[in-house]
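Visitor: My structure file entry.cif, mmCIF, C-alpha atoms, is below:
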data_data
loop_
_atom_site.label_atom_id
_atom_site.label_comp_id
_atom_site.auth_asym_id
_atom_site.auth_seq_id
_atom_site.Cartn_x
_atom_site.Cartn_y
_atom_site.Cartn_z
CA MET P 63 21.32 148.43 -36.39
CA LYS P 64 23.25 150.13 -39.19
CA SER P 65 20.00 151.58 -40.56
CA GLU P 66 19.09 153.11 -37.21
CA CYS P 67 22.59 154.56 -36.73
CA ASN P 68 22.57 156.15 -40.16
CA SER P 69 19.18 157.71 -39.53
CA ARG P 70 20.28 158.98 -36.13
CA LEU P 71 23.34 160.68 -37.56
CA GLY P 72 21.28 162.34 -40.27
CA LEU P 73 18.72 163.58 -37.78
CA VAL P 74 21.38 164.97 -35.47
CA SER P 75 22.68 166.93 -38.45
CA LEU P 76 19.20 168.31 -39.09
CA VAL P 77 18.92 169.56 -35.53
CA CYS P 78 22.34 171.22 -35.55
CA ILE P 79 22.11 174.89 -36.43
CA PHE P 80 25.50 175.60 -38.00
CA LEU P 81 28.47 173.65 -39.21
CA MET P 82 31.58 174.24 -41.25
CA ALA P 83 31.84 172.55 -44.62
CA PRO P 84 34.78 172.53 -47.04
CA ILE P 85 34.19 173.25 -50.71
CA VAL P 86 34.67 170.55 -53.31
CA LEU P 87 38.06 171.13 -54.88
CA ALA P 88 38.02 171.35 -58.64
CA GLN P 89 41.45 169.73 -58.73
CA GLU P 90 39.70 166.46 -57.92
CA LEU P 91 37.74 166.68 -61.17
CA PRO P 92 39.09 166.59 -64.72
CA THR P 93 39.18 169.86 -66.64
CA ASP P 94 38.52 170.72 -70.27
CA LYS P 95 38.27 173.71 -72.57
CA PRO P 96 34.88 175.45 -72.35
CA GLU P 97 34.10 175.10 -76.06
CA ALA P 98 34.69 171.36 -75.90
CA LEU P 99 31.69 171.18 -73.58
CA GLY P 100 29.51 173.72 -75.37
CA ILE P 101 30.36 176.70 -73.15
CA SER P 102 31.54 180.10 -74.38
CA SER P 103 34.93 181.31 -73.15
CA ALA P 104 33.84 184.89 -73.86
CA ARG P 105 30.82 184.52 -71.61
CA LEU P 106 33.01 183.09 -68.86
CA LYS P 107 35.16 186.22 -69.04
CA SER P 108 31.99 188.25 -68.49
CA LEU P 109 31.41 186.21 -65.37
CA ASP P 110 34.90 187.11 -64.15
CA SER P 111 34.15 190.81 -64.66
CA ALA P 112 30.83 190.58 -62.84
CA MET P 113 32.29 188.76 -59.84
CA GLN P 114 35.24 191.13 -59.58
CA ARG P 115 32.81 194.04 -59.62
CA TYR P 116 31.16 192.73 -56.43
CA VAL P 117 34.57 192.95 -54.76
CA ASP P 118 35.51 196.34 -56.24
CA GLU P 119 32.19 197.86 -55.16
CA GLY P 120 32.60 196.51 -51.63
CA LYS P 121 29.51 194.31 -51.81
CA LEU P 122 31.51 191.18 -51.02
CA ALA P 123 34.96 190.76 -49.47
CA GLY P 124 35.69 187.79 -51.66
CA LEU P 125 34.15 184.89 -53.49
CA LEU P 126 34.86 181.76 -55.47
CA THR P 127 33.14 180.40 -58.58
CA MET P 128 33.27 177.00 -60.23
CA ILE P 129 31.44 175.74 -63.32
CA ALA P 130 31.48 172.13 -64.43
CA ARG P 131 29.64 170.30 -67.16
CA ARG P 132 29.49 166.58 -67.91
CA GLY P 133 31.85 165.93 -65.02
CA LYS P 134 34.56 168.32 -66.21
CA VAL P 135 35.53 171.71 -64.81
CA VAL P 136 35.69 174.60 -67.29
CA HIS P 137 35.91 177.50 -64.84
CA PHE P 138 37.37 177.79 -61.33
CA GLU P 139 38.36 181.26 -60.13
CA THR P 140 38.79 183.27 -56.95
CA TYR P 141 38.18 186.97 -56.35
CA GLY P 142 38.99 189.33 -53.49
CA TYR P 143 39.90 188.25 -50.00
CA MET P 144 39.19 185.43 -47.58
CA ASP P 145 40.08 187.96 -44.85
CA LYS P 146 39.68 191.55 -45.92
CA GLU P 147 41.14 193.03 -42.71
CA THR P 148 44.47 191.27 -43.25
CA ALA P 149 44.25 191.43 -47.07
CA THR P 150 44.57 187.63 -47.25
CA PRO P 151 43.61 186.64 -50.81
CA MET P 152 40.78 184.20 -51.42
CA LYS P 153 42.14 180.71 -52.09
CA LYS P 154 40.68 177.81 -54.00
CA ASP P 155 40.70 175.65 -50.88
CA THR P 156 39.25 178.29 -48.52
CA ILE P 157 36.75 176.80 -46.07
CA PHE P 158 33.41 178.59 -45.93
CA ARG P 159 30.83 178.68 -43.20
CA ILE P 160 27.74 177.93 -45.27
CA ALA P 161 25.26 178.33 -42.37
CA SER P 162 21.64 177.82 -43.51
CA LEU P 163 22.70 176.32 -46.83
CA THR P 164 23.51 173.25 -44.73
CA LYS P 165 19.77 172.58 -44.63
CA GLN P 166 19.58 171.77 -48.34
CA VAL P 167 22.56 169.42 -48.19
CA THR P 168 21.27 167.62 -45.10
CA SER P 169 17.73 167.39 -46.45
CA VAL P 170 18.94 165.63 -49.59
CA ALA P 171 20.87 163.14 -47.45
CA ILE P 172 17.81 162.55 -45.27
CA MET P 173 15.53 161.98 -48.27
CA MET P 174 18.02 159.46 -49.70
CA LEU P 175 17.56 157.50 -46.46
CA PHE P 176 13.78 157.93 -46.83
CA GLU P 177 13.89 156.46 -50.34
CA GLU P 178 15.75 153.47 -48.90
CA GLY P 179 12.92 152.94 -46.42
CA ARG P 180 15.03 153.71 -43.36
CA PHE P 181 12.29 155.83 -41.72
CA GLN P 182 8.88 157.44 -42.25
CA LEU P 183 8.37 161.20 -42.32
CA ASP P 184 5.98 161.09 -39.38
CA ASP P 185 8.27 158.99 -37.20
CA PRO P 186 8.90 160.73 -33.86
CA VAL P 187 12.44 162.07 -33.62
CA SER P 188 12.71 160.39 -30.22
CA ARG P 189 12.75 157.01 -31.97
CA TYR P 190 16.25 157.89 -33.17
CA ILE P 191 17.30 160.50 -30.61
CA PRO P 192 15.69 159.44 -27.29
CA GLU P 193 16.50 162.77 -25.63
CA PHE P 194 13.59 164.32 -27.57
CA LYS P 195 11.00 162.08 -25.93
CA ASN P 196 9.76 164.39 -23.17
CA MET P 197 10.04 167.86 -24.69
CA THR P 198 7.88 170.79 -23.56
CA VAL P 199 6.71 174.00 -25.21
CA TYR P 200 7.04 177.59 -24.02
CA ALA P 201 3.83 179.01 -22.52
CA GLY P 202 4.87 182.39 -21.11
CA GLY P 203 6.59 183.69 -18.03
CA SER P 204 10.00 185.29 -17.64
CA PRO P 205 13.48 183.95 -18.43
CA GLU P 206 13.93 183.26 -14.71
CA ASN P 207 10.51 181.63 -14.33
CA LEU P 208 9.49 180.04 -17.62
CA LYS P 209 6.08 178.49 -17.98
CA THR P 210 5.96 175.37 -20.10
CA GLU P 211 3.36 172.86 -21.23
CA LYS P 212 3.39 169.30 -22.52
CA LEU P 213 3.29 168.88 -26.28
CA ASN P 214 0.05 167.87 -27.99
CA SER P 215 2.12 165.57 -30.17
CA GLU P 216 5.76 164.58 -30.47
CA LEU P 217 8.30 166.25 -32.71
CA THR P 218 8.57 164.37 -36.02
CA ILE P 219 11.06 164.19 -38.85
CA ARG P 220 8.53 166.03 -41.00
CA HIS P 221 8.64 168.95 -38.54
CA LEU P 222 12.42 169.15 -38.89
CA LEU P 223 12.33 169.03 -42.68
CA THR P 224 9.64 171.72 -42.94
CA LEU P 225 11.21 174.04 -40.35
CA THR P 226 8.16 173.75 -38.07
CA SER P 227 9.95 172.10 -35.15
CA GLY P 228 9.71 175.00 -32.72
CA LEU P 229 13.51 175.11 -32.43
CA ILE P 230 14.76 178.67 -32.91
CA TYR P 231 17.89 180.78 -33.08
CA GLY P 232 18.77 182.87 -30.06
CA GLU P 233 18.63 186.04 -32.13
CA PRO P 234 16.33 189.10 -31.88
CA GLY P 235 13.32 188.98 -34.15
CA MET P 236 13.18 185.19 -34.24
CA GLY P 237 10.24 184.99 -31.85
CA ASP P 238 8.97 186.05 -28.41
CA GLU P 239 11.83 187.96 -26.75
CA THR P 240 11.60 185.87 -23.59
CA ILE P 241 12.11 182.51 -25.26
CA VAL P 242 14.69 184.03 -27.63
CA SER P 243 16.71 185.20 -24.62
CA VAL P 244 16.59 181.69 -23.16
CA TYR P 245 17.91 180.19 -26.38
CA LYS P 246 20.59 182.86 -26.60
CA LYS P 247 21.76 182.11 -23.08
CA ALA P 248 22.07 178.44 -24.03
CA ASP P 249 24.85 179.44 -26.45
CA LEU P 250 23.84 176.88 -29.07
CA GLU P 251 26.43 178.07 -31.59
CA ASN P 252 29.35 177.25 -29.32
CA PRO P 253 31.81 175.45 -31.65
CA HIS P 254 33.55 173.64 -28.81
CA ARG P 255 30.61 171.38 -28.01
CA THR P 256 30.15 167.90 -29.39
CA LEU P 257 26.90 166.97 -31.16
CA LYS P 258 25.92 164.89 -28.13
CA GLU P 259 26.44 167.84 -25.79
CA MET P 260 24.49 170.15 -28.07
CA ILE P 261 21.54 167.75 -28.27
CA ALA P 262 21.48 167.47 -24.47
CA ILE P 263 21.31 171.26 -24.12
CA ILE P 264 18.61 171.66 -26.76
CA CYS P 265 16.47 169.00 -25.10
CA ARG P 266 16.54 170.91 -21.80
CA LEU P 267 14.95 173.89 -23.57
CA PRO P 268 11.25 174.19 -24.36
CA PHE P 269 10.18 174.56 -27.98
CA ALA P 270 9.29 178.14 -28.87
CA TYR P 271 5.95 176.91 -30.30
#
Show this structure as structure tokens.
Guide:
Amino acid sequence: MKSECNSRLGLVSLVCIFLMAPIVLAQELPTDKPEALGISSARLKSLDSAMQRYVDEGKLAGLLTMIARRGKVVHFETYGYMDKETATPMKKDTIFRIASLTKQVTSVAIMMLFEEGRFQLDDPVSRYIPEFKNMTVYAGGSPENLKTEKLNSELTIRHLLTLTSGLIYGEPGMGDETIVSVYKKADLENPHRTLKEMIAIICRLPFAY
């Protein structure tokens, strides 16, 4: 039962489009002098200059850098603003919306479960999230009168990991404008929904392909 629950949670994370994730605070790791770990202090100062230049040239409002080696932090600096409009300085515990970078983090977690034998890559997602059992695929029509068809085969974990699931963003340029408008109307990025509510909404939509 624990195995199935762990897999389900991981798969729900894969399906979710965005989430907020806090950075790892360097204060939780021991620090040391750069040279003690084979790193040049002079080169780190060059890094500071380069990062500050991104801010000064207006390419980035603010950023944060951290370098660690052998489990010890040798560099942890902030530059610019976490909110440029209010001139709020970037802080070392600022929370970032990492958007698509979530995919790499989640994929590593999923493959750890795979190595433990918790699931197979070609398992249907509906085995762990039953709501995905009877999905359809977009086949034309208008937003008010969508045409859909049954899938030739079920959505699998492999589809999710290779970004071939047919789930899309409701943004222009992400596919046929009709199905994009349907996804946009579904307001999938609404931060006030629970994961369960979001899954229920997604499963009422047809796949884009």
Visitor: Out of P:Tyr200, P:Val187, P:Ala123, P:Leu229, which residue has the shortest atom-to-atom distance to Pro151 (chain P) when counting all atoms listed in the file?
Guide: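 When distances to Pro151 (chain P) are compared using all atoms listed in the file, the smallest one comes from P:Ala123.
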Visitor: Please produce, as JSON lines, a per-residue contact table for region 112-221 of chain P versus region 259-265 of chain P (criterion: any atom at most 7 Å away, only C-alpha atoms considered), showing the nearest atom pair and its distance in Å to one decimal, sorted by chain then residue number.
Guide:
{"residue": "P:Glu193", "atom": "CA", "partner": "P:Cys265", "partner_atom": "CA", "distance": 6.3}
{"residue": "P:Phe194", "atom": "CA", "partner": "P:Cys265", "partner_atom": "CA", "distance": 6.0}
{"residue": "P:Met197", "atom": "CA", "partner": "P:Cys265", "partner_atom": "CA", "distance": 6.5}
Visitor: For those residues, write C-alpha atoms to a file as a PDB file, in the frame of the given file.
Guide:
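So again_13.pdb came out as:
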ATOM      1  CA  GLU P 193      16.500 162.770 -25.630  1.00  0.00           C
ATOM      2  CA  PHE P 194      13.590 164.320 -27.570  1.00  0.00           C
ATOM      3  CA  MET P 197      10.040 167.860 -24.690  1.00  0.00           C
TER       4      MET P 197
END
Visitor: Let me know the centre plus edge lengths, in Å and rounded to one decimal, of a box with edges along x, y and z that contains all listed atoms of region 157-172 of chain P and is padded by 4 Å on every side, as lines of an AutoDock Vina configuration file.
Guide:
center_x = 27.2
center_y = 170.6
center_z = -46.0
size_x = 27.0
size_y = 24.1
size_z = 15.2
Visitor: Mind telling me what the PyMOL selection byres ((chain P and resi 145-147) around 12) catches here, as a VMD selection string?
Guide: chain P and resid 117 120 122 to 125 141 to 144 148 to 153 156 to 158
Visitor: CA of Val244 (chain P) and CA of Thr256 (chain P) are how many Å apart?
Guide: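 Taking CA of Val244 (chain P) as the start and CA of Thr256 (chain P) as the end point, the length is 20.3 Å.
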Visitor: Each residue of region 132-154 of chain P lying at most 12 Å from region 93-103 of chain P should get a row with its shortest atom-to-atom pair and the distance in Å to one decimal, counting only C-alpha atoms; could you produce that, ordered by chain and increasing number, as CSV?
Guide:
residue,atom,partner,partner_atom,distance
P:Arg132,CA,P:Leu99,CA,7.6
P:Gly133,CA,P:Thr93,CA,8.5
P:Lys134,CA,P:Thr93,CA,4.9
P:Val135,CA,P:Thr93,CA,4.5
P:Val136,CA,P:Pro96,CA,5.2
P:His137,CA,P:Pro96,CA,7.9
P:Phe138,CA,P:Thr93,CA,9.7
Visitor: With distances taken over all atoms listed in the file, which of P:Met236, P:Leu267, P:Leu208, P:Leu163 is nearest to Asn196 (chain P)?
Guide: P:Leu267
Visitor: Using all heavy atoms, give me region 153-167 of chain P from the structure I just pasted, as a PDB file, in the first residue's frame.
Guide:
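The resulting file, part.pdb, is shown below:
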ATOM      1  N   LYS P 153      17.008  38.231  -1.212  1.00  0.00           N
ATOM      2  CA  LYS P 153      17.439  37.656   0.064  1.00  0.00           C
ATOM      3  C   LYS P 153      17.880  36.210  -0.135  1.00  0.00           C
ATOM      4  O   LYS P 153      17.509  35.573  -1.115  1.00  0.00           O
ATOM      5  CB  LYS P 153      16.292  37.714   1.076  1.00  0.00           C
ATOM      6  CG  LYS P 153      15.797  39.121   1.391  1.00  0.00           C
ATOM      7  CD  LYS P 153      14.621  39.084   2.358  1.00  0.00           C
ATOM      8  CE  LYS P 153      14.103  40.490   2.650  1.00  0.00           C
ATOM      9  NZ  LYS P 153      12.921  40.462   3.562  1.00  0.00           N
ATOM     10  N   LYS P 154      18.657  35.724   0.805  1.00  0.00           N
ATOM     11  CA  LYS P 154      19.163  34.361   0.677  1.00  0.00           C
ATOM     12  C   LYS P 154      18.080  33.312   0.905  1.00  0.00           C
ATOM     13  O   LYS P 154      18.267  32.151   0.554  1.00  0.00           O
ATOM     14  CB  LYS P 154      20.336  34.142   1.631  1.00  0.00           C
ATOM     15  CG  LYS P 154      21.587  34.911   1.211  1.00  0.00           C
ATOM     16  CD  LYS P 154      22.780  34.590   2.091  1.00  0.00           C
ATOM     17  CE  LYS P 154      24.026  35.311   1.568  1.00  0.00           C
ATOM     18  NZ  LYS P 154      25.226  35.014   2.392  1.00  0.00           N
ATOM     19  N   ASP P 155      16.952  33.703   1.471  1.00  0.00           N
ATOM     20  CA  ASP P 155      15.864  32.747   1.654  1.00  0.00           C
ATOM     21  C   ASP P 155      14.656  33.076   0.780  1.00  0.00           C
ATOM     22  O   ASP P 155      13.538  32.649   1.043  1.00  0.00           O
ATOM     23  CB  ASP P 155      15.438  32.680   3.123  1.00  0.00           C
ATOM     24  CG  ASP P 155      14.917  34.019   3.648  1.00  0.00           C
ATOM     25  OD1 ASP P 155      15.019  35.034   2.923  1.00  0.00           O
ATOM     26  OD2 ASP P 155      14.408  34.041   4.779  1.00  0.00           O
ATOM     27  N   THR P 156      14.894  33.853  -0.291  1.00  0.00           N
ATOM     28  CA  THR P 156      13.814  34.172  -1.233  1.00  0.00           C
ATOM     29  C   THR P 156      13.289  32.891  -1.880  1.00  0.00           C
ATOM     30  O   THR P 156      14.063  32.007  -2.253  1.00  0.00           O
ATOM     31  CB  THR P 156      14.325  35.129  -2.334  1.00  0.00           C
ATOM     32  OG1 THR P 156      14.680  36.377  -1.736  1.00  0.00           O
ATOM     33  CG2 THR P 156      13.261  35.372  -3.398  1.00  0.00           C
ATOM     34  N   ILE P 157      11.977  32.798  -2.006  1.00  0.00           N
ATOM     35  CA  ILE P 157      11.360  31.639  -2.645  1.00  0.00           C
ATOM     36  C   ILE P 157      11.171  31.933  -4.129  1.00  0.00           C
ATOM     37  O   ILE P 157      10.633  32.969  -4.506  1.00  0.00           O
ATOM     38  CB  ILE P 157      10.001  31.313  -1.994  1.00  0.00           C
ATOM     39  CG1 ILE P 157      10.219  30.875  -0.530  1.00  0.00           C
ATOM     40  CG2 ILE P 157       9.293  30.200  -2.763  1.00  0.00           C
ATOM     41  CD1 ILE P 157       8.930  30.631   0.224  1.00  0.00           C
ATOM     42  N   PHE P 158      11.616  31.032  -4.968  1.00  0.00           N
ATOM     43  CA  PHE P 158      11.524  31.197  -6.411  1.00  0.00           C
ATOM     44  C   PHE P 158      10.475  30.268  -7.007  1.00  0.00           C
ATOM     45  O   PHE P 158      10.327  29.131  -6.574  1.00  0.00           O
ATOM     46  CB  PHE P 158      12.863  30.863  -7.079  1.00  0.00           C
ATOM     47  CG  PHE P 158      13.962  31.839  -6.786  1.00  0.00           C
ATOM     48  CD1 PHE P 158      14.664  31.786  -5.604  1.00  0.00           C
ATOM     49  CD2 PHE P 158      14.286  32.812  -7.714  1.00  0.00           C
ATOM     50  CE1 PHE P 158      15.677  32.686  -5.324  1.00  0.00           C
ATOM     51  CE2 PHE P 158      15.304  33.722  -7.453  1.00  0.00           C
ATOM     52  CZ  PHE P 158      15.999  33.654  -6.250  1.00  0.00           C
ATOM     53  N   ARG P 159       9.787  30.771  -7.996  1.00  0.00           N
ATOM     54  CA  ARG P 159       8.926  29.910  -8.807  1.00  0.00           C
ATOM     55  C   ARG P 159       9.820  29.321  -9.889  1.00  0.00           C
ATOM     56  O   ARG P 159      10.282  30.041 -10.783  1.00  0.00           O
ATOM     57  CB  ARG P 159       7.791  30.724  -9.444  1.00  0.00           C
ATOM     58  CG  ARG P 159       6.919  29.901 -10.372  1.00  0.00           C
ATOM     59  CD  ARG P 159       5.746  30.713 -10.869  1.00  0.00           C
ATOM     60  NE  ARG P 159       4.962  29.955 -11.831  1.00  0.00           N
ATOM     61  CZ  ARG P 159       3.728  30.267 -12.197  1.00  0.00           C
ATOM     62  NH1 ARG P 159       3.137  31.309 -11.686  1.00  0.00           N
ATOM     63  NH2 ARG P 159       3.088  29.538 -13.086  1.00  0.00           N
ATOM     64  N   ILE P 160      10.092  28.025  -9.810  1.00  0.00           N
ATOM     65  CA  ILE P 160      11.060  27.434 -10.735  1.00  0.00           C
ATOM     66  C   ILE P 160      10.401  26.839 -11.984  1.00  0.00           C
ATOM     67  O   ILE P 160      11.081  26.364 -12.884  1.00  0.00           O
ATOM     68  CB  ILE P 160      11.925  26.374 -10.038  1.00  0.00           C
ATOM     69  CG1 ILE P 160      11.088  25.193  -9.535  1.00  0.00           C
ATOM     70  CG2 ILE P 160      12.706  26.989  -8.888  1.00  0.00           C
ATOM     71  CD1 ILE P 160      11.917  24.062  -8.955  1.00  0.00           C
ATOM     72  N   ALA P 161       9.066  26.850 -12.032  1.00  0.00           N
ATOM     73  CA  ALA P 161       8.322  26.473 -13.239  1.00  0.00           C
ATOM     74  C   ALA P 161       8.819  25.162 -13.847  1.00  0.00           C
ATOM     75  O   ALA P 161       8.848  24.138 -13.179  1.00  0.00           O
ATOM     76  CB  ALA P 161       8.374  27.622 -14.243  1.00  0.00           C
ATOM     77  N   SER P 162       9.238  25.173 -15.120  1.00  0.00           N
ATOM     78  CA  SER P 162       9.571  23.933 -15.818  1.00  0.00           C
ATOM     79  C   SER P 162      10.769  23.202 -15.233  1.00  0.00           C
ATOM     80  O   SER P 162      10.965  22.011 -15.524  1.00  0.00           O
ATOM     81  CB  SER P 162       9.811  24.214 -17.301  1.00  0.00           C
ATOM     82  OG  SER P 162       8.585  24.446 -17.963  1.00  0.00           O
ATOM     83  N   LEU P 163      11.586  23.865 -14.442  1.00  0.00           N
ATOM     84  CA  LEU P 163      12.700  23.165 -13.811  1.00  0.00           C
ATOM     85  C   LEU P 163      12.198  22.136 -12.801  1.00  0.00           C
ATOM     86  O   LEU P 163      12.948  21.259 -12.371  1.00  0.00           O
ATOM     87  CB  LEU P 163      13.641  24.166 -13.130  1.00  0.00           C
ATOM     88  CG  LEU P 163      14.418  25.077 -14.080  1.00  0.00           C
ATOM     89  CD1 LEU P 163      15.279  26.052 -13.290  1.00  0.00           C
ATOM     90  CD2 LEU P 163      15.307  24.249 -15.006  1.00  0.00           C
ATOM     91  N   THR P 164      10.915  22.221 -12.448  1.00  0.00           N
ATOM     92  CA  THR P 164      10.312  21.214 -11.583  1.00  0.00           C
ATOM     93  C   THR P 164      10.382  19.839 -12.238  1.00  0.00           C
ATOM     94  O   THR P 164      10.471  18.818 -11.552  1.00  0.00           O
ATOM     95  CB  THR P 164       8.836  21.566 -11.316  1.00  0.00           C
ATOM     96  OG1 THR P 164       8.743  22.932 -10.958  1.00  0.00           O
ATOM     97  CG2 THR P 164       8.270  20.727 -10.191  1.00  0.00           C
ATOM     98  N   LYS P 165      10.337  19.802 -13.557  1.00  0.00           N
ATOM     99  CA  LYS P 165      10.329  18.519 -14.275  1.00  0.00           C
ATOM    100  C   LYS P 165      11.571  17.683 -13.971  1.00  0.00           C
ATOM    101  O   LYS P 165      11.492  16.476 -13.776  1.00  0.00           O
ATOM    102  CB  LYS P 165      10.212  18.764 -15.781  1.00  0.00           C
ATOM    103  CG  LYS P 165       8.916  19.410 -16.221  1.00  0.00           C
ATOM    104  CD  LYS P 165       8.913  19.601 -17.736  1.00  0.00           C
ATOM    105  CE  LYS P 165       7.598  20.215 -18.214  1.00  0.00           C
ATOM    106  NZ  LYS P 165       7.470  21.624 -17.812  1.00  0.00           N
ATOM    107  N   GLN P 166      12.730  18.326 -13.937  1.00  0.00           N
ATOM    108  CA  GLN P 166      13.955  17.586 -13.656  1.00  0.00           C
ATOM    109  C   GLN P 166      13.938  17.009 -12.246  1.00  0.00           C
ATOM    110  O   GLN P 166      14.327  15.862 -12.020  1.00  0.00           O
ATOM    111  CB  GLN P 166      15.189  18.487 -13.830  1.00  0.00           C
ATOM    112  CG  GLN P 166      15.484  18.853 -15.275  1.00  0.00           C
ATOM    113  CD  GLN P 166      14.798  20.122 -15.716  1.00  0.00           C
ATOM    114  OE1 GLN P 166      13.627  20.317 -15.446  1.00  0.00           O
ATOM    115  NE2 GLN P 166      15.513  21.003 -16.398  1.00  0.00           N
ATOM    116  N   VAL P 167      13.503  17.812 -11.285  1.00  0.00           N
ATOM    117  CA  VAL P 167      13.472  17.376  -9.894  1.00  0.00           C
ATOM    118  C   VAL P 167      12.508  16.196  -9.730  1.00  0.00           C
ATOM    119  O   VAL P 167      12.836  15.167  -9.130  1.00  0.00           O
ATOM    120  CB  VAL P 167      13.046  18.543  -8.973  1.00  0.00           C
ATOM    121  CG1 VAL P 167      12.954  18.074  -7.526  1.00  0.00           C
ATOM    122  CG2 VAL P 167      14.047  19.694  -9.080  1.00  0.00           C
TER     123      VAL P 167
END
